[in-house]
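Peer 1: Sending over run-v3.txt (compact mmCIF, C-alpha atoms).
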# COMPACT_ATOMS: atom_id res chain seq x y z
CA MET A 1 25.34 78.37 79.50
CA LYS A 2 26.44 81.43 77.54
CA LYS A 3 25.29 83.75 80.29
CA LEU A 4 27.13 81.68 82.83
CA LEU A 5 30.35 82.00 80.85
CA GLN A 6 29.86 85.77 80.59
CA LEU A 7 29.32 85.96 84.34
CA VAL A 8 32.48 83.96 85.01
CA LEU A 9 34.48 86.24 82.69
CA VAL A 10 33.16 89.39 84.38
CA LEU A 11 33.97 88.02 87.80
CA ALA A 12 37.45 87.06 86.66
CA LEU A 13 38.05 90.56 85.27
CA VAL A 14 36.81 92.21 88.46
CA GLY A 15 39.05 89.93 90.52
CA ALA A 16 42.05 90.73 88.37
CA MET A 17 41.42 94.48 88.69
CA GLN A 18 41.08 94.19 92.43
CA ALA A 19 44.30 92.22 92.61
CA GLN A 20 46.02 94.91 90.53
CA ASP A 21 44.81 97.65 92.85
CA SER A 22 45.87 95.76 95.93
CA ARG A 23 49.53 95.51 94.74
CA PRO A 24 51.85 97.76 96.73
CA LYS A 25 52.99 100.81 94.83
CA PRO A 26 56.64 100.66 93.79
CA VAL A 27 59.01 102.53 96.06
CA VAL A 28 60.97 105.01 93.99
CA LYS A 29 63.99 106.70 95.51
CA VAL A 30 65.91 109.49 93.84
CA TYR A 31 69.59 110.19 94.35
CA ARG A 32 71.95 112.87 93.16
CA VAL A 33 75.37 111.73 92.03
CA ASN A 34 78.25 114.17 91.71
CA PHE A 35 81.40 113.18 89.88
CA ASN A 36 84.56 115.26 90.19
CA ILE A 37 87.18 114.12 87.72
CA TYR A 38 90.71 115.38 88.26
CA GLU A 39 93.92 115.33 86.33
CA LEU A 40 97.05 115.32 88.46
CA GLU A 41 100.64 115.81 87.49
CA ASP A 42 103.44 115.17 89.98
CA GLY A 43 100.81 114.88 92.67
CA LYS A 44 99.26 118.30 91.98
CA LYS A 45 95.82 118.79 90.55
CA THR A 46 96.10 120.52 87.21
CA ASN A 47 92.67 120.11 85.66
CA GLU A 48 89.15 119.15 86.67
CA ARG A 49 85.62 118.64 85.47
CA ASN A 50 82.43 118.19 87.48
CA TYR A 51 79.32 116.29 86.48
CA SER A 52 76.10 115.89 88.39
CA LEU A 53 73.06 113.82 87.54
CA PRO A 54 69.98 112.43 89.26
CA VAL A 55 69.37 108.69 89.21
CA ASN A 56 66.65 106.64 90.81
CA SER A 57 65.93 103.17 92.08
CA MET A 58 62.65 101.32 92.08
CA ASP A 59 61.96 98.85 94.86
CA GLY A 60 65.64 98.90 95.73
CA ILE A 61 66.79 98.11 92.20
CA GLY A 62 68.99 100.80 90.69
CA ARG A 63 68.03 102.34 87.38
CA SER A 64 70.70 103.70 85.18
CA GLY A 65 71.35 107.37 84.54
CA SER A 66 73.78 108.64 81.98
CA ILE A 67 75.65 111.69 80.71
CA ARG A 68 77.26 112.08 77.32
CA VAL A 69 79.33 115.17 76.63
CA GLY A 70 81.51 115.71 73.60
CA THR A 71 81.59 115.46 69.85
CA ARG A 72 80.20 112.87 67.46
CA VAL A 73 82.80 112.44 64.80
CA PRO A 74 81.77 110.93 61.45
CA ILE A 75 84.32 108.59 59.95
CA SER A 76 84.10 106.45 56.88
CA SER A 77 84.32 102.73 57.50
CA GLY A 78 83.80 101.39 53.98
CA LYS A 79 82.22 102.03 50.66
CA ASP A 80 78.80 103.02 51.81
CA GLN A 81 79.04 103.17 55.56
CA ILE A 82 79.79 105.92 57.99
CA LEU A 83 80.51 105.59 61.69
CA TYR A 84 79.94 108.12 64.40
CA LEU A 85 82.48 108.18 67.16
CA ASP A 86 81.57 109.76 70.48
CA VAL A 87 84.62 111.73 71.59
CA GLY A 88 84.42 113.33 75.03
CA MET A 89 82.97 111.94 78.22
CA ASN A 90 80.39 109.15 78.44
CA MET A 91 79.15 108.08 81.81
CA GLU A 92 76.52 105.71 83.13
CA CYS A 93 75.75 104.99 86.75
CA GLU A 94 73.17 103.43 89.01
CA ILE A 95 72.62 103.47 92.75
CA SER A 96 71.32 100.90 95.17
CA GLU A 97 71.30 100.92 98.95
CA GLN A 98 73.00 98.63 101.42
CA SER A 99 72.11 99.34 105.05
CA ASP A 100 73.06 102.99 105.51
CA LYS A 101 75.39 103.20 102.51
CA PHE A 102 75.05 103.48 98.75
CA ILE A 103 76.41 101.11 96.16
CA LEU A 104 77.53 103.06 93.11
CA THR A 105 78.03 101.07 89.92
CA SER A 106 79.35 103.15 87.09
CA SER A 107 80.96 103.04 83.68
CA LEU A 108 83.13 105.93 82.62
CA GLU A 109 84.78 106.59 79.30
CA ILE A 110 86.91 109.66 78.58
CA SER A 111 88.35 110.16 75.12
CA SER A 112 90.16 112.96 73.34
CA PHE A 113 91.85 113.62 70.02
CA VAL A 114 95.56 112.97 69.88
CA LEU A 115 95.87 116.00 67.62
CA PRO A 116 93.66 118.85 68.84
CA ASP A 117 93.14 120.12 65.28
CA GLN A 118 92.77 116.68 63.81
CA ASN A 119 90.63 117.72 60.82
CA ALA A 120 93.21 120.17 59.53
CA ASP A 121 96.16 117.90 60.17
CA SER A 122 97.06 115.83 57.14
CA ARG A 123 98.86 113.30 59.29
CA THR A 124 95.61 111.70 60.30
CA GLY A 125 94.76 110.73 56.72
CA GLY A 126 91.15 111.59 57.47
CA ASN A 127 91.01 109.14 60.36
CA PRO A 128 91.09 110.71 63.81
CA VAL A 129 93.37 109.13 66.37
CA ILE A 130 91.75 108.99 69.78
CA ARG A 131 93.14 108.64 73.28
CA GLN A 132 90.79 106.83 75.61
CA VAL A 133 90.32 105.84 79.23
CA LYS A 134 87.58 103.34 80.07
CA GLN A 135 86.65 102.15 83.49
CA HIS A 136 83.88 100.22 85.10
CA PHE A 137 83.69 100.20 88.87
CA THR A 138 81.53 99.50 91.88
CA ALA A 139 82.06 101.42 95.10
CA LEU A 140 80.43 101.62 98.51
CA LEU A 141 79.84 105.23 99.52
CA SER A 142 78.66 106.97 102.65
CA PRO A 143 75.81 109.43 102.04
CA GLY A 144 77.05 112.91 101.20
CA LYS A 145 80.70 112.06 101.68
CA PRO A 146 83.07 112.73 98.73
CA THR A 147 85.00 109.53 98.09
CA LEU A 148 87.88 108.83 95.77
CA VAL A 149 86.66 105.87 93.74
CA THR A 150 89.31 105.42 91.05
CA SER A 151 92.86 106.57 90.42
CA ILE A 152 94.49 105.80 87.06
CA ASP A 153 98.05 106.55 86.00
CA ASP A 154 98.58 107.49 82.37
CA THR A 155 100.86 105.10 80.54
CA ALA A 156 102.47 107.76 78.35
CA SER A 157 103.00 110.61 80.78
CA LYS A 158 103.25 111.49 84.46
CA LYS A 159 99.56 112.28 84.59
CA ARG A 160 97.05 110.61 86.83
CA LEU A 161 93.28 110.58 86.50
CA GLN A 162 91.19 110.48 89.67
CA VAL A 163 87.45 110.19 90.04
CA GLU A 164 85.70 111.38 93.17
CA ALA A 165 82.04 110.57 93.68
CA THR A 166 79.43 111.88 96.09
CA VAL A 167 75.94 110.42 96.43
CA THR A 168 73.11 112.10 98.28
CA ARG A 169 69.53 111.02 98.56
CA VAL A 170 66.95 113.49 97.30
CA GLU A 171 64.02 113.60 99.71
CA MET B 1 136.08 121.81 204.52
CA ALA B 2 139.68 121.59 205.70
CA GLU B 3 139.41 117.79 205.99
CA HIS B 4 138.22 117.61 202.50
CA ASP B 5 141.25 119.57 201.29
CA LYS B 6 143.51 117.24 203.24
CA HIS B 7 142.06 114.23 201.43
CA ASP B 8 142.38 115.84 197.98
CA GLN B 9 145.96 117.05 198.37
CA PRO B 10 147.74 113.74 197.51
CA LEU B 11 145.49 113.33 194.49
CA GLU B 12 146.26 116.78 193.26
CA GLU B 13 149.96 116.29 193.74
CA MET B 14 149.84 113.08 191.79
CA LEU B 15 147.91 114.78 188.97
CA ASP B 16 150.33 117.67 188.91
CA SER B 17 153.28 115.35 188.67
CA MET B 18 151.66 113.36 185.82
CA LEU B 19 150.66 116.46 183.91
CA SER B 20 154.11 117.93 184.32
CA ASN B 21 155.51 114.76 182.71
CA TYR B 22 152.90 114.93 179.91
CA SER B 23 153.60 118.55 179.12
CA ASP B 24 157.28 117.81 178.85
CA GLU B 25 156.64 115.18 176.12
CA GLN B 26 158.37 116.26 172.91
CA PRO B 27 157.54 115.06 169.42
CA ARG B 28 159.72 112.47 167.93
CA PRO B 29 162.63 113.94 166.08
CA GLY B 30 162.09 114.58 162.39
CA LEU B 31 158.41 115.55 162.56
CA GLU B 32 158.88 118.66 160.51
CA THR B 33 160.84 116.74 157.90
CA ARG B 34 158.12 114.12 157.68
CA VAL B 35 155.37 116.71 157.28
CA LEU B 36 157.30 118.49 154.57
CA ALA B 37 158.01 115.22 152.79
CA THR B 38 154.32 114.28 152.88
CA LEU B 39 153.36 117.66 151.45
CA ARG B 40 155.90 117.32 148.68
CA ALA B 41 154.65 113.83 147.86
CA GLU B 42 151.04 115.01 147.61
CA ALA B 43 152.09 117.96 145.51
CA SER B 44 153.94 115.66 143.15
CA GLN B 45 150.94 113.27 142.86
CA LYS B 46 148.26 115.93 142.08
CA PRO B 47 149.55 116.94 138.64
CA GLU B 48 149.04 113.36 137.40
CA HIS B 49 145.18 113.56 137.77
CA ALA B 50 144.55 117.26 137.32
CA PRO B 51 145.44 117.56 133.60
CA PHE B 52 142.88 114.89 132.56
CA TRP B 53 139.85 116.69 134.05
CA ARG B 54 141.22 120.06 133.17
CA TRP B 55 141.69 119.05 129.53
CA LEU B 56 138.30 117.42 129.39
CA TRP B 57 136.50 120.50 130.63
CA SER B 58 138.55 122.85 128.52
CA SER B 59 137.94 120.74 125.40
CA ALA B 60 134.19 120.68 126.00
CA ALA B 61 134.11 124.42 126.54
CA THR B 62 136.11 125.02 123.38
CA LEU B 63 133.82 122.78 121.31
CA ALA B 64 130.75 124.57 122.64
CA LEU B 65 132.26 127.95 121.76
CA VAL B 66 133.13 126.76 118.25
CA ALA B 67 129.61 125.41 117.75
CA ILE B 68 128.04 128.68 118.86
CA ALA B 69 130.37 130.67 116.63
CA LEU B 70 129.53 128.44 113.62
CA ALA B 71 125.80 128.76 114.23
CA VAL B 72 126.04 132.53 114.37
CA TYR B 73 128.22 132.60 111.24
CA ILE B 74 125.85 130.37 109.22
CA GLY B 75 122.87 132.40 110.40
CA ARG B 76 124.49 135.55 109.08
CA LEU B 77 125.33 133.92 105.75
CA GLN B 78 121.66 133.23 104.87
CA PRO B 79 120.08 136.24 103.16
CA PRO B 80 117.06 137.73 104.85
CA PRO B 81 113.68 137.10 103.15
CA ALA B 82 113.07 139.57 100.37
CA PRO B 83 110.28 142.03 101.06
CA PRO B 84 107.18 141.55 98.94
CA ALA B 85 107.53 143.47 95.70
CA VAL B 86 104.16 145.13 95.69
CA GLY B 87 104.93 147.52 92.89
CA ALA B 88 106.77 145.01 90.74
CA MET B 89 103.87 142.68 90.05
CA LYS B 90 103.78 141.66 86.42
CA PRO B 91 100.95 140.02 84.48
CA PRO B 92 101.42 136.29 83.95
CA PRO B 93 103.29 135.42 80.75
CA GLU B 94 101.23 134.49 77.74
CA ALA B 95 100.87 130.78 77.26
CA ALA B 96 102.60 129.23 74.29
CA PRO B 97 100.37 128.59 71.27
CA GLY B 98 98.51 125.33 71.59
CA VAL B 99 98.96 125.16 75.35
CA PRO B 100 95.73 125.86 77.19
CA ARG B 101 95.88 128.59 79.79
CA ILE B 102 94.98 127.89 83.35
CA HIS B 103 92.16 130.12 84.48
CA ARG B 104 92.30 130.89 88.14
CA ARG B 105 89.43 132.61 89.81
CA PRO B 106 89.89 134.66 92.95
CA ARG B 107 89.85 132.73 96.19
CA THR B 108 86.65 132.89 98.14
CA ALA B 109 85.63 131.87 101.60
CA GLY B 110 84.19 128.70 100.10
CA ASP B 111 87.56 127.83 98.62
CA ARG B 112 89.27 128.26 101.96
CA GLU B 113 86.63 126.03 103.50
CA SER B 114 87.21 123.39 100.87
CA GLU B 115 90.97 123.43 101.49
CA LYS B 116 90.53 121.94 104.94
CA PRO B 117 92.30 118.62 105.45
CA GLU B 118 88.99 116.77 105.60
CA ARG B 119 88.34 117.66 101.99
CA SER B 120 90.98 115.50 100.40
CA LEU B 121 90.26 116.66 96.88
CA ALA B 122 90.22 120.42 96.90
CA MET B 123 89.31 122.53 93.91
CA ALA B 124 91.84 122.15 91.15
CA ALA B 125 92.66 124.43 88.29
CA ARG B 126 90.20 124.17 85.42
CA GLN B 127 91.77 124.20 82.00
CA GLU B 128 89.96 124.79 78.74
CA VAL B 129 90.35 121.20 77.59
CA PHE B 130 89.86 118.01 79.53
CA PRO B 131 91.97 115.94 79.44
CA ALA B 132 94.73 118.50 78.95
CA PRO B 133 96.67 117.97 75.71
CA VAL B 134 99.93 116.08 76.02
CA PRO B 135 102.71 115.65 73.46
CA LEU B 136 102.55 112.78 71.00
CA THR B 137 104.08 109.54 72.11
CA ASP B 138 106.35 107.50 69.84
CA GLN B 139 103.54 105.04 69.17
CA GLU B 140 101.18 107.82 68.21
CA ARG B 141 103.74 109.32 65.84
CA LEU B 142 104.15 105.93 64.19
CA LEU B 143 100.39 105.53 63.90
CA LEU B 144 99.99 108.98 62.36
CA ARG B 145 102.78 108.26 59.89
CA TYR B 146 101.05 105.01 58.94
CA LEU B 147 97.73 106.76 58.48
CA ALA B 148 99.24 109.55 56.40
CA ASN B 149 100.99 107.14 54.03
CA THR B 150 98.29 104.50 53.73
CA ALA B 151 95.19 104.50 51.57
CA ALA B 152 91.90 104.77 53.42
CA GLU B 153 90.72 101.42 52.02
CA GLU B 154 93.81 99.72 53.36
CA VAL B 155 93.27 101.26 56.80
CA VAL B 156 89.67 100.06 56.80
CA ALA B 157 90.76 96.58 55.75
CA GLN B 158 93.33 96.42 58.52
CA SER B 159 91.12 97.81 61.24
CA HIS B 160 88.94 95.71 63.50
CA SER B 161 86.45 96.39 66.24
CA ASP B 162 87.19 96.25 69.95
CA GLY B 163 87.22 92.86 71.61
CA PRO B 164 84.38 91.68 73.80
CA ALA B 165 83.91 93.33 77.14
CA PRO B 166 85.19 91.47 80.20
CA GLU B 167 82.70 88.98 81.55
CA ASP B 168 83.04 90.05 85.16
CA GLY B 169 81.94 93.61 84.49
CA ARG B 170 79.00 95.14 82.79
CA PRO B 171 79.87 95.98 79.18
CA LEU B 172 80.27 99.62 78.37
CA PRO B 173 77.65 101.15 76.13
CA PRO B 174 78.49 100.95 72.45
CA GLN B 175 80.76 103.77 71.47
CA VAL B 176 80.26 103.53 67.73
CA GLN B 177 76.97 103.68 65.89
CA GLU B 178 76.81 102.68 62.29
CA PHE B 179 74.75 104.49 59.67
CA LYS B 180 74.54 103.89 55.98
CA ILE B 181 75.56 107.00 54.10
CA THR B 182 72.12 107.31 52.60
CA GLU B 183 70.57 107.24 56.09
CA ALA B 184 73.15 109.23 57.98
CA VAL B 185 71.56 111.89 60.12
CA SER B 186 73.46 114.32 62.22
CA THR B 187 72.21 114.54 65.75
CA ARG B 188 73.81 117.93 66.32
In C-alpha cells, write the structure found in this file.

Peer 2:
Amino acid sequence: MKKLLQLVLVLALVGAMQAQDSRPKPVVKVYRVNFNIYELEDGKKTNERNYSLPVNSMDGIGRSGSIRVGTRVPISSGKDQILYLDVGMNMECEISEQSDKFILTSSLEISSFVLPDQNADSRTGGNPVIRQVKQHFTALLSPGKPTLVTSIDDTASKKRLQVEATVTRVE
Amino acid sequence: MAEHDKHDQPLEEMLDSMLSNYSDEQPRPGLETRVLATLRAEASQKPEHAPFWRWLWSSAATLALVAIALAVYIGRLQPPPAPPAVGAMKPPPEAAPGVPRIHRRPRTAGDRESEKPERSLAMAARQEVFPAPVPLTDQERLLLRYLANTAAEEVVAQSHSDGPAPEDGRPLPPQVQEFKITEAVSTR
C-alpha cells in the first residue's frame, strides 16, 4: 500500500512537470517610449526636456516602466517624523498593443520649488512651497509617430505645458 | 437692220420725251433750308448726351491716375530694408540675475529636417531649469507670508495629506515617503 502511494506521488509529480514544460513560453515584447515635454509661452516653445525609457509587455499585458528625476527634500512633519518629498519629474508608463497601434497609459508629475533658493529664503519657514502638475492619461499612438498627448495651460501665467510621446517597438 | 431701226424709233422717241421731263424735275422749294434746319437740330441735340459719357470716361481716367500716383508715393515713403550689419554684431546681453539663460546651439542639418511642417513639435530652446521659474503669484506670496509668521508645529497641525486619487484613473505613485527620524536614510 505504501509503495503504491509512492508510485502515485511520483507519477503525479512527473505529470505536473510535463504539464509545466508543455506551457507556452510567455511572449515578451519590448518598446521604447520617448517623451518630449515642452513649455510654451504665447505659442512659442521656450523650454524642453526629453526622456526615453524601455518598457515591456508580457503576453500582451503592459508592464510598467518609470523614471524619477529630481531632488528628495526632507521636511519635518511632526515630533519624530521626517518626510521626503520628490521634487522634479516622476513618470510611469506602460504599453499594450491594439491592432497596429500602441496604447500608452502614463502618469506624469512635474514639480518645482516656488522659490529657487528655498533653503536660504526665510519666507518658507523651513517648509518648501512646491508647484506641481499631475496628469494621468491614456493615448492611442501610431508606431514611431510623435504625437501630442497632453496640453495643459498654467493657471498663474501664460505658459502651457505640452507632452509629446513616441513609441517604437524594439525588435 | 433698217426695219429694226424703224420699229425702235417710236420707242426711243417716247423714252427721250419721258427722260427729258424727268431731268427737268426740280426739288421742292426750301430743300436747302430743310437740310440746314435738320443739321442744326442734330447739332443742338448732341451736346445733351455727349457730356455724360465724356465726364464718365474723364472721371475714371482721373481716378486711375490718382490711384497710380498714390501707390508710387506710398512706395517711396517706405524705407528700404536696412542692409545686414555684419560688422555691428554684438554679443547677446547678459541675463538678469535669477533668470536662466537660453542656450542655443548652432543649427544643424538635423534641425532643419526637424523644422519641416510634418514635425509639429520642433526642437525648442532648452533652459537650465524645467519648468522655467516664474514670478510668485498672489496666493504664493500669501502662503509664504503665512509660513514665515507661523510656528512649524502650527503648520503641521493645519496641514493635511492629498485627497484620494480619482476612481476613474490609476492613482499616481505615492509622492511622499515617511521615515522616523531614527530610521531616516538618505538615498542620495

Peer 1: Tell me, in Å to one decimal, how far CA of Pro74 (chain A) is from CA of Arg49 (chain A).

Peer 2: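 Answer for the CA of Pro74 (chain A) to CA of Arg49 (chain A) separation: 25.5 Å.
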
Peer 1: What is the CA of Gly60 (chain A)-CA of Asn34 (chain A) distance in Å, reported with one decimal?

Peer 2: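 Result for CA of Gly60 (chain A) versus CA of Asn34 (chain A): 20.2 Å, one decimal.
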
Peer 1: With distances taken over only C-alpha atoms, which residue among A:Asp100, A:Asp42, A:Glu109, A:Glu94 lies nearest chain B?

Peer 2: A:Glu109

Peer 1: So that I can check the surroundings of Leu140 (chain A), please list as a list in words every protein, DNA and RNA residue that reaches within 8 Å of it, counting all atoms listed in the file and ignoring chain neighbours fewer than 2 positions away.

Peer 2: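 The contact residues come out as Lys101, Phe102, Ile103, Leu104, Thr138 and Ser142 of chain A.
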
Peer 1: Fewer than 3 positions away in the same chain doesn't count, so skip those; otherwise give me all residues within 8 Å of Pro133 (chain B), counting all atoms listed in the file, as an MDAnalysis selection string.

Peer 2: (chainID A and resid 114 116) or (chainID B and resid 99 129:130)

Peer 1: Enter the distance from CA of Leu83 (chain A) to CA of Ile130 (chain A), in Å, rounded to one decimal.

Peer 2: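 Interatomic distance here is 14.3 Å.
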
Peer 1: Select, from A:Gln81, A:Ser157, A:Gln135, A:Ser57, the residue with the minimum atom-to-atom distance to chain B, counting only C-alpha atoms.

Peer 2: A:Gln81
